[in-house]
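Undergrad: Input file: target-v3.txt. Contents: compact mmCIF, C-alpha atoms.
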# COMPACT_ATOMS: atom_id res chain seq x y z
CA MET A 28 14.06 16.57 -4.03
CA PHE A 29 16.43 19.32 -2.93
CA LYS A 30 20.11 18.48 -2.78
CA ARG A 31 21.21 17.45 0.68
CA MET A 32 24.71 17.87 2.04
CA LEU A 33 26.28 14.64 3.26
CA SER A 34 26.75 15.25 6.96
CA ALA A 35 29.53 12.70 7.31
CA PHE A 36 31.82 14.90 5.18
CA GLY A 37 31.00 18.17 6.89
CA VAL A 38 31.11 21.61 5.28
CA GLY A 39 32.41 21.49 1.73
CA GLY A 40 31.49 17.83 1.31
CA PRO A 41 29.43 16.35 -1.55
CA SER A 42 25.65 16.69 -1.80
CA VAL A 43 23.12 14.15 -3.05
CA ASP A 44 19.84 14.46 -4.95
CA THR A 45 17.74 11.40 -5.86
CA VAL A 46 15.52 11.91 -8.92
CA LEU A 47 12.81 9.53 -10.15
CA ASP A 48 12.26 9.37 -13.91
CA SER A 49 8.55 9.34 -13.13
CA PRO A 50 6.73 9.47 -9.79
CA HIS A 51 3.84 7.40 -11.21
CA ALA A 52 3.81 3.59 -11.13
CA VAL A 53 1.61 0.56 -10.46
CA PRO A 54 2.35 -2.56 -8.40
CA GLY A 55 4.73 -4.96 -10.14
CA GLU A 56 6.19 -2.17 -12.28
CA VAL A 57 9.86 -1.15 -12.38
CA ILE A 58 10.61 2.43 -11.38
CA THR A 59 13.85 4.05 -12.52
CA GLY A 60 15.86 7.11 -11.63
CA GLN A 61 19.26 8.45 -10.73
CA VAL A 62 21.15 9.25 -7.57
CA ARG A 63 23.04 12.45 -8.41
CA ILE A 64 26.04 13.21 -6.23
CA GLN A 65 27.69 16.60 -6.63
CA GLY A 66 31.32 16.59 -5.60
CA GLY A 67 32.45 18.99 -2.90
CA SER A 68 35.78 20.65 -2.28
CA SER A 69 37.71 17.38 -2.20
CA ASP A 70 37.47 13.85 -3.55
CA ALA A 71 35.31 11.41 -1.58
CA GLN A 72 34.20 7.79 -1.66
CA ILE A 73 30.78 6.41 -0.80
CA GLU A 74 30.93 2.81 0.35
CA GLU A 75 27.39 1.91 -0.77
CA ILE A 76 24.20 3.51 -2.06
CA LEU A 77 21.08 1.87 -0.66
CA LEU A 78 17.53 2.57 -1.82
CA SER A 79 14.49 1.53 0.20
CA LEU A 80 10.76 1.45 -0.42
CA VAL A 81 8.93 2.67 2.67
CA THR A 82 5.36 3.34 3.70
CA ARG A 83 3.51 4.59 6.75
CA VAL A 84 2.18 1.68 8.81
CA GLU A 85 -0.16 1.42 11.79
CA VAL A 86 0.94 -1.06 14.44
CA GLU A 87 -1.45 -2.35 17.11
CA ARG A 88 -0.07 -2.90 20.60
CA GLY A 89 -2.73 -3.87 23.07
CA ASP A 90 -5.53 -1.33 22.86
CA HIS A 91 -3.36 1.29 21.19
CA GLU A 92 -2.20 2.01 17.65
CA ARG A 93 0.89 3.91 16.61
CA ALA A 94 2.14 4.89 13.18
CA GLY A 95 5.71 4.73 11.95
CA THR A 96 7.88 3.96 8.97
CA ALA A 97 8.08 0.46 7.52
CA GLU A 98 10.73 -0.45 4.99
CA PHE A 99 9.50 -3.26 2.73
CA LEU A 100 12.22 -3.48 0.09
CA ARG A 101 15.91 -2.54 0.00
CA VAL A 102 18.27 -2.65 -2.98
CA SER A 103 21.84 -1.56 -3.59
CA ALA A 104 22.38 0.93 -6.40
CA GLY A 105 26.17 0.83 -6.22
CA SER A 106 29.23 0.43 -4.03
CA LYS A 107 32.68 2.02 -3.79
CA VAL A 108 31.43 5.07 -5.66
CA LYS A 109 34.21 7.63 -6.13
CA VAL A 110 33.09 11.23 -6.17
CA THR A 111 35.54 13.65 -7.77
CA ALA A 112 35.79 17.14 -6.29
CA GLY A 113 33.51 19.57 -8.07
CA GLN A 114 32.17 16.93 -10.48
CA LEU A 115 28.69 15.42 -10.81
CA THR A 116 28.48 11.65 -10.40
CA THR A 117 25.25 10.00 -11.55
CA VAL A 118 24.27 6.48 -10.46
CA PRO A 119 21.18 5.02 -12.22
CA PHE A 120 18.86 2.63 -10.42
CA ARG A 121 15.91 0.32 -11.04
CA ILE A 122 13.46 -0.88 -8.39
CA ALA A 123 10.70 -3.43 -9.02
CA LEU A 124 7.66 -2.55 -6.92
CA PRO A 125 6.27 -5.56 -5.03
CA TRP A 126 2.83 -6.63 -6.22
CA GLU A 127 1.45 -5.91 -2.75
CA THR A 128 2.70 -2.31 -2.72
CA PRO A 129 -0.09 -0.11 -1.26
CA ILE A 130 -2.06 2.11 -3.62
CA SER A 131 -1.26 5.76 -2.90
CA ALA A 132 -3.03 7.48 -5.82
CA VAL A 133 -6.34 6.95 -7.61
CA GLY A 134 -7.43 8.78 -10.74
CA GLY A 135 -4.15 10.71 -10.72
CA ARG A 136 -4.83 12.12 -7.23
CA GLU A 137 -3.13 11.25 -3.98
CA LEU A 138 -5.18 8.91 -1.83
CA PRO A 139 -5.69 10.65 1.55
CA GLY A 140 -3.86 8.94 4.37
CA MET A 141 -1.52 6.99 2.08
CA VAL A 142 2.17 7.48 1.37
CA VAL A 143 4.77 5.35 -0.40
CA GLY A 144 8.27 6.54 -1.21
CA VAL A 145 11.88 5.78 -2.12
CA ARG A 146 14.43 6.64 0.54
CA THR A 147 18.13 7.01 -0.22
CA GLU A 148 20.72 5.89 2.30
CA LEU A 149 24.43 6.35 1.75
CA VAL A 150 26.98 4.32 3.70
CA ILE A 151 30.06 6.42 4.36
CA ALA A 152 32.96 5.04 6.39
CA GLY A 153 30.64 2.34 7.72
CA ALA A 154 27.99 4.77 8.96
CA PRO A 155 24.62 5.29 7.24
CA ASP A 156 23.61 8.78 6.13
CA LYS A 157 19.88 8.76 5.47
CA GLY A 158 18.62 11.07 2.79
CA ASP A 159 15.33 12.53 1.70
CA LEU A 160 12.32 10.47 0.80
CA ASP A 161 10.90 10.79 -2.72
CA PRO A 162 7.16 10.02 -2.94
CA VAL A 163 5.90 7.48 -5.48
CA LEU A 164 2.30 7.77 -6.64
CA VAL A 165 1.31 4.10 -6.87
CA GLY A 166 -1.88 3.72 -8.88
CA PRO A 167 -4.10 0.62 -9.00
CA LEU A 168 -3.63 -2.24 -11.42
CA GLU A 169 -6.32 -2.43 -14.09
CA SER A 170 -7.88 -5.36 -12.25
CA GLN A 171 -7.95 -3.38 -9.00
CA ASP A 172 -9.30 -0.32 -10.77
CA ARG A 173 -12.34 -2.31 -11.94
CA VAL A 174 -13.20 -3.02 -8.32
CA LEU A 175 -12.73 0.61 -7.34
CA GLU A 176 -14.93 1.74 -10.20
CA ALA A 177 -17.67 -0.56 -8.94
CA PHE A 178 -17.56 1.09 -5.52
CA GLY A 179 -18.08 4.43 -7.21
CA GLU A 180 -20.91 3.11 -9.40
CA LEU A 181 -22.72 1.72 -6.37
CA GLY A 182 -22.65 5.03 -4.53
CA PHE A 183 -20.04 4.32 -1.88
CA SER A 184 -18.15 7.33 -0.50
CA PHE A 185 -14.51 7.26 0.54
CA ARG A 186 -13.84 7.51 4.27
CA SER A 187 -10.15 6.77 4.91
CA ALA A 188 -7.15 4.61 3.99
CA ASP A 189 -4.17 3.27 5.88
CA VAL A 190 -1.75 0.36 6.09
CA GLU A 191 -1.86 -2.14 8.95
CA ALA A 192 0.99 -4.33 10.13
CA GLY A 193 0.01 -8.00 10.19
CA ARG A 194 -1.42 -10.71 7.98
CA LEU A 195 -4.88 -11.61 6.75
CA HIS A 196 -6.41 -14.93 7.73
CA GLY A 197 -6.46 -17.40 4.85
CA VAL A 198 -4.69 -15.13 2.36
CA ARG A 199 -1.18 -15.70 1.08
CA GLN A 200 0.94 -12.55 1.51
CA GLU A 201 4.53 -11.70 0.65
CA LEU A 202 4.68 -8.55 2.79
CA GLY A 203 4.02 -8.20 6.49
CA PHE A 204 1.26 -5.62 6.10
CA PHE A 205 -1.90 -4.91 4.13
CA GLN A 206 -3.76 -1.82 3.01
CA GLU A 207 -7.24 -0.94 4.25
CA ILE A 208 -9.50 1.37 2.23
CA GLU A 209 -12.69 2.30 4.04
CA PHE A 210 -16.01 3.48 2.59
CA PHE A 211 -19.35 4.69 3.80
CA PRO A 212 -21.98 2.45 2.17
CA PRO A 213 -24.72 3.66 -0.22
CA SER A 214 -27.72 5.33 1.43
CA ARG A 215 -29.94 2.27 0.82
CA TYR A 216 -27.90 0.41 3.44
CA ALA A 217 -28.13 3.21 6.02
CA GLY A 218 -29.02 1.90 9.44
CA ARG A 219 -27.88 -1.62 8.60
CA VAL A 220 -24.22 -1.26 7.53
CA SER A 221 -22.03 1.50 8.95
CA GLN A 222 -18.94 1.00 6.79
CA VAL A 223 -17.30 -1.33 4.29
CA GLU A 224 -13.57 -1.96 4.16
CA LEU A 225 -11.60 -3.08 1.11
CA THR A 226 -8.21 -4.77 0.89
CA PHE A 227 -6.30 -5.94 -2.20
CA VAL A 228 -3.63 -8.65 -2.15
CA ALA A 229 -2.12 -8.99 -5.61
CA SER A 230 0.41 -11.37 -7.16
CA PRO A 231 1.70 -11.61 -10.74
CA ASP A 232 -1.27 -13.84 -11.70
CA ASP A 233 -3.97 -13.37 -9.08
CA LEU A 234 -5.95 -10.77 -7.21
CA VAL A 235 -7.58 -11.35 -3.83
CA VAL A 236 -10.27 -8.84 -2.86
CA VAL A 237 -11.14 -8.90 0.84
CA LEU A 238 -14.24 -7.09 2.08
CA GLU A 239 -15.40 -6.38 5.61
CA ALA A 240 -18.80 -4.91 6.47
CA ASP A 241 -19.55 -3.47 9.88
CA ARG A 242 -23.18 -4.46 10.52
CA ARG A 243 -25.39 -2.52 12.86
CA GLY A 244 -27.60 -4.53 15.15
CA GLY A 245 -31.38 -4.23 15.25
CA MET A 246 -34.48 -5.74 16.82
CA PHE A 247 -34.34 -8.85 14.64
CA ARG A 248 -30.66 -9.03 13.72
CA SER A 249 -27.33 -9.01 15.48
CA GLY A 250 -24.50 -6.61 14.79
CA GLY A 251 -20.87 -7.44 14.10
CA ASP A 252 -18.47 -7.88 11.21
CA SER A 253 -19.06 -9.86 8.03
CA PHE A 254 -16.32 -10.81 5.62
CA GLY A 255 -16.13 -11.58 1.93
CA ARG A 256 -13.22 -12.85 -0.15
CA PHE A 257 -13.01 -12.85 -3.95
CA HIS A 258 -10.06 -14.67 -5.50
CA VAL A 259 -9.68 -14.21 -9.26
CA SER A 260 -7.03 -14.00 -11.94
CA HIS A 261 -6.30 -10.53 -13.27
CA GLU A 262 -7.94 -11.53 -16.54
CA GLU A 263 -11.09 -12.71 -14.79
CA ALA A 264 -11.19 -9.49 -12.79
CA LEU A 265 -11.55 -7.55 -16.04
CA ARG A 266 -14.58 -9.65 -17.04
CA THR A 267 -16.30 -9.66 -13.66
CA ASP A 268 -19.37 -7.54 -12.94
CA TRP A 269 -17.98 -6.19 -9.70
CA ALA A 270 -20.90 -3.89 -9.02
CA ALA A 271 -23.30 -6.85 -9.05
CA ALA A 272 -20.95 -9.08 -7.04
CA ILE A 273 -20.28 -6.49 -4.32
CA ASP A 274 -23.88 -5.32 -4.10
CA GLY A 275 -25.13 -8.91 -3.93
CA TRP A 276 -22.75 -9.71 -1.10
CA LEU A 277 -23.60 -6.56 0.82
CA ALA A 278 -27.34 -7.15 0.44
CA LYS A 279 -26.97 -10.59 2.04
CA VAL A 280 -24.83 -9.13 4.80
CA ALA A 281 -27.36 -6.38 5.51
CA GLU A 282 -30.32 -8.76 5.63
CA SER A 283 -28.94 -11.83 7.32
CA GLY A 284 -25.55 -10.96 8.72
CA GLY A 285 -23.53 -12.73 6.05
CA GLY A 286 -23.52 -15.74 3.81
CA HIS A 287 -21.23 -18.12 2.03
CA ALA A 288 -20.74 -18.46 -1.71
CA MET A 289 -18.01 -19.28 -4.18
CA PHE A 290 -16.97 -17.35 -7.25
CA GLY A 291 -14.38 -19.83 -8.36
CA GLY A 292 -11.96 -20.82 -5.66
CA HIS A 293 -8.33 -20.59 -4.70
CA GLN A 294 -5.29 -21.62 -6.69
CA GLU A 295 -7.01 -24.04 -9.04
CA HIS A 296 -10.41 -22.44 -9.38
CA TYR A 297 -10.65 -18.74 -8.72
CA GLY A 298 -13.40 -17.03 -6.87
CA HIS A 299 -14.86 -15.33 -3.89
CA GLU A 300 -15.72 -16.61 -0.52
CA TYR A 301 -18.03 -15.05 2.02
CA ASP A 302 -17.18 -15.66 5.65
CA HIS A 303 -18.52 -13.77 8.65
CA HIS A 304 -16.64 -15.86 11.18
CA GLY A 305 -13.11 -15.06 9.98
CA HIS A 306 -10.25 -12.89 11.10
CA HIS A 307 -10.49 -9.32 12.24
CA GLY A 308 -10.68 -8.26 8.59
CA ARG A 309 -9.37 -5.19 6.90
CA ARG A 310 -10.91 -2.11 5.65
CA GLY A 311 -12.11 -0.29 2.60
CA PRO A 312 -10.85 4.00 -2.49
CA GLY A 313 -13.57 4.45 -4.71
CA MET A 314 -12.86 5.45 -8.25
CA GLY A 315 -10.92 8.62 -8.92
CA GLY A 316 -14.00 10.82 -8.63
CA VAL A 317 -14.83 9.49 -5.17
CA VAL A 318 -11.29 10.03 -3.93
CA ALA A 319 -11.04 13.42 -5.63
CA GLY A 320 -14.15 14.52 -3.79
CA ALA A 321 -12.66 13.43 -0.47
CA ALA A 322 -9.32 15.01 -1.20
CA ALA A 323 -10.58 18.18 -3.40
CA GLY A 324 14.92 -7.08 6.71
CA VAL A 325 12.92 -6.91 4.61
CA VAL A 326 9.82 -9.03 4.99
CA GLY A 327 9.41 -11.25 2.53
CA GLY A 328 9.95 -8.32 3.37
CA MET A 329 9.24 -5.64 5.82
CA ILE A 330 11.52 -4.50 8.60
CA LEU A 331 8.95 -4.39 11.39
CA GLY A 332 11.60 -3.55 13.95
CA GLU A 333 11.81 -0.06 12.53
CA VAL A 334 8.10 0.60 12.50
CA MET A 335 7.96 1.94 16.03
CA GLU A 336 11.51 3.16 16.51
CA ASP A 337 12.35 4.66 13.14
CA ALA A 338 9.41 7.04 13.00
CA PHE A 339 9.26 9.49 10.13
CA ASP A 340 11.93 12.06 10.85
CA GLY A 341 12.05 15.67 9.75
CA GLY A 342 13.80 14.73 6.51
CA ASP A 343 10.86 12.69 5.28
CA GLU A 344 8.67 15.54 4.20
CA GLY A 345 4.99 14.69 4.08
CA PHE A 346 5.52 11.43 5.96
CA GLU A 347 5.35 12.60 9.54
CA GLU A 348 2.82 11.50 12.15
Would you write the structure of this file as structure tokens?

TA:
Amino acid sequence: MFKRMLSAFGVGGPSVDTVLDSPHAVPGEVITGQVRIQGGSSDAQIEEILLSLVTRVEVERGDHERAGTAEFLRVSAGSKVKVTAGQLTTVPFRIALPWETPISAVGGRELPGMVVGVRTELVIAGAPDKGDLDPVLVGPLESQDRVLEAFGELGFSFRSADVEAGRLHGVRQELGFFQEIEFFPPSRYAGRVSQVELTFVASPDDLVVVLEADRRGGMFRSGGDSFGRFHVSHEEALRTDWAAAIDGWLAKVAESGGGHAMFGGHQEHYGHEYDHHGHHGRRGPGMGGVVAGAAAGVVGGMILGEVMEDAFDGGDEGFEE
């Protein structure tokens, strides 16, 4: 990002530029970089350098939704940093992405509607000086990518993606939000299913895949939402025929309004679970080609208090409402 003058020091003060070694990463991976502080006309001291992972989150309040910034991880890169006049001071950093970090890129392309970034905050004389936000292109894990590929193989088309504040019923989460990736179903389900929504909840060992289908009502069937949940290890995800599993589930949903089956289980025996009586489930990228076509505090965790009040400001380029 461009160097930004530190407002607390006024004209002639130091400037800061945060640089990522690579903007590409996957959940669970460590991203590295440097905070580069160019000294101004006189010596200065920065009390602390804070780095935050943030994303754009939708928050429901009554019948309305509003989007804002949610910080879901904060780390200190250094404290009592002395900046010599006219000299460059470089502070390296490492940030481990949470396993539930939203996917913001598929097939090397940005996922429309999604944004994840690193924000730099410098504490000077007890007051925070928020800096620019550097985007991170978070790609899917290999296990997640297999699921996305199946959506593409089956003929789904990408509709939208966002992040919702809240928790999924029956799913263990570390963060206070979840990503929804929404698809239009294949043409063979036209008139019976209007959309299918996909959510991933990953951990170091496991992957939970949550599906929601919006069923259209008809003369002999009722409309409504049907839910499916697949709980597998990352290794099992690589061996699973996801196209068959997803298509089989959706066929049952389209014909009868849902069903119940197990593909393993929970902690002891992995698997998937179909449930059309569950929570208000969450939505659903296809593989890179599908997305490319569409595109051509701390919460165990997340600081929800900032979601509504700390909306993306002018300094967070590309992250505004």

Undergrad: Work out how far atom CA of A:Ile73 is from atom CA of A:Thr111, in Å to one decimal.

TA: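 For atom CA of A:Thr111 relative to atom CA of A:Ile73, the distance reads 11.1 Å.
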
Undergrad: Using all atoms listed in the file, find all polymer residues with an atom at most 10 Å away from the point (-22.3, 6.0, -4.1); report them as a list in words.

TA: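 The requested residues, written out, are Ala177, Phe178, Gly179, Glu180, Leu181, Gly182, Phe183, Ser184, Phe185, Phe210, Phe211, Pro212, Pro213, Ser214, Arg215, Gly313 and Val317 of chain A.
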
Undergrad: Which residue, A:Glu148, A:Glu75, A:Glu87, A:Asp70, has the smallest gap to A:Val43 when you use all atoms listed in the file?

TA: A:Glu148

Undergrad: Hey, which of A:Val145, A:Arg194, A:His51, A:Ile130 ends up closest to A:Ile208? Count only C-alpha atoms.

TA: A:Ile130

Undergrad: Kindly indicate which residue among A:Lys109, A:His91, A:Arg199, A:Arg186 lies nearest to A:Gly66, using only C-alpha atoms for the distances.

TA: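 That would be A:Lys109, the residue with the smallest distance to A:Gly66.
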
Undergrad: Measuring between all atoms listed in the file, which one of A:Asp232, A:Glu201, A:Glu282, A:Glu98 shows the shortest distance to A:Ser253?

TA: A:Glu282

Undergrad: Counting all atoms listed in the file, write as a list in words all protein and nucleic acid residues lying at most 7 Å from (-6.9, -11.7, -7.5) in the file's frame.

TA: Val228, Ala229, Asp233, Leu234, Val235, Val236, His258, Val259, Ser260 and His261 of chain A

Undergrad: Selection from above, C-alpha atoms, as a PDB file, keeping the file's coordinate frame, can you write it?

TA:
ATOM      1  CA  VAL A 228      -3.630  -8.650  -2.150  1.00  0.00           C
ATOM      2  CA  ALA A 229      -2.120  -8.990  -5.610  1.00  0.00           C
ATOM      3  CA  ASP A 233      -3.970 -13.370  -9.080  1.00  0.00           C
ATOM      4  CA  LEU A 234      -5.950 -10.770  -7.210  1.00  0.00           C
ATOM      5  CA  VAL A 235      -7.580 -11.350  -3.830  1.00  0.00           C
ATOM      6  CA  VAL A 236     -10.270  -8.840  -2.860  1.00  0.00           C
ATOM      7  CA  HIS A 258     -10.060 -14.670  -5.500  1.00  0.00           C
ATOM      8  CA  VAL A 259      -9.680 -14.210  -9.260  1.00  0.00           C
ATOM      9  CA  SER A 260      -7.030 -14.000 -11.940  1.00  0.00           C
ATOM     10  CA  HIS A 261      -6.300 -10.530 -13.270  1.00  0.00           C
TER      11      HIS A 261
END

Undergrad: For the atom pair atom CA of A:Ala94 and atom CA of A:Leu78, what is the interatomic distance in Å to one decimal place?

TA: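 Going from atom CA of A:Ala94 over to atom CA of A:Leu78, I get 21.6 Å.
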
Undergrad: Which residue out of A:Gln206, A:Thr59, A:Ser187, A:Gln171 has the minimum interatomic distance to A:Arg83 when only C-alpha atoms are used?

TA: A:Gln206

Undergrad: Looking at A:Gly40, A:Pro231, A:Pro119, A:Gly135, which one is nearest to A:Arg63, with distances taken over all atoms listed in the file?

TA: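 Looking at the shortest contact to A:Arg63, the residue is A:Pro119.
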
Undergrad: I'd like the interatomic distance between atom CA of A:Gly144 and atom CA of A:Glu262, to a tenth of an Å.

TA: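 Atom CA of A:Glu262 lies 28.7 Å from atom CA of A:Gly144.
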
Undergrad: For A:Thr117, list every protein, DNA or RNA residue within 10 Å, evaluated using all atoms listed in the file, and leave out those in the same chain fewer than 4 positions away; present the list as a count of residues only.

TA: 11

Undergrad: Please provide as a list of chain:residue names all residues within 8 Å of A:Phe205, with the sequence filter that same-chain residues fewer than 5 positions apart are discarded (counting all atoms listed in the file).

TA: A:Glu127, A:Pro129, A:Val190, A:Glu191, A:Ala192, A:Gly193, A:Arg194, A:Leu195, A:Thr226, A:Phe227, A:Val228, A:Arg309

Undergrad: Within 7 Å of A:Ala240, counting all atoms listed in the file, which residues qualify if same-chain residues fewer than 2 places away don't, as a ChimeraX atom specification?

TA: /A:220,222-224,238,242,252-254
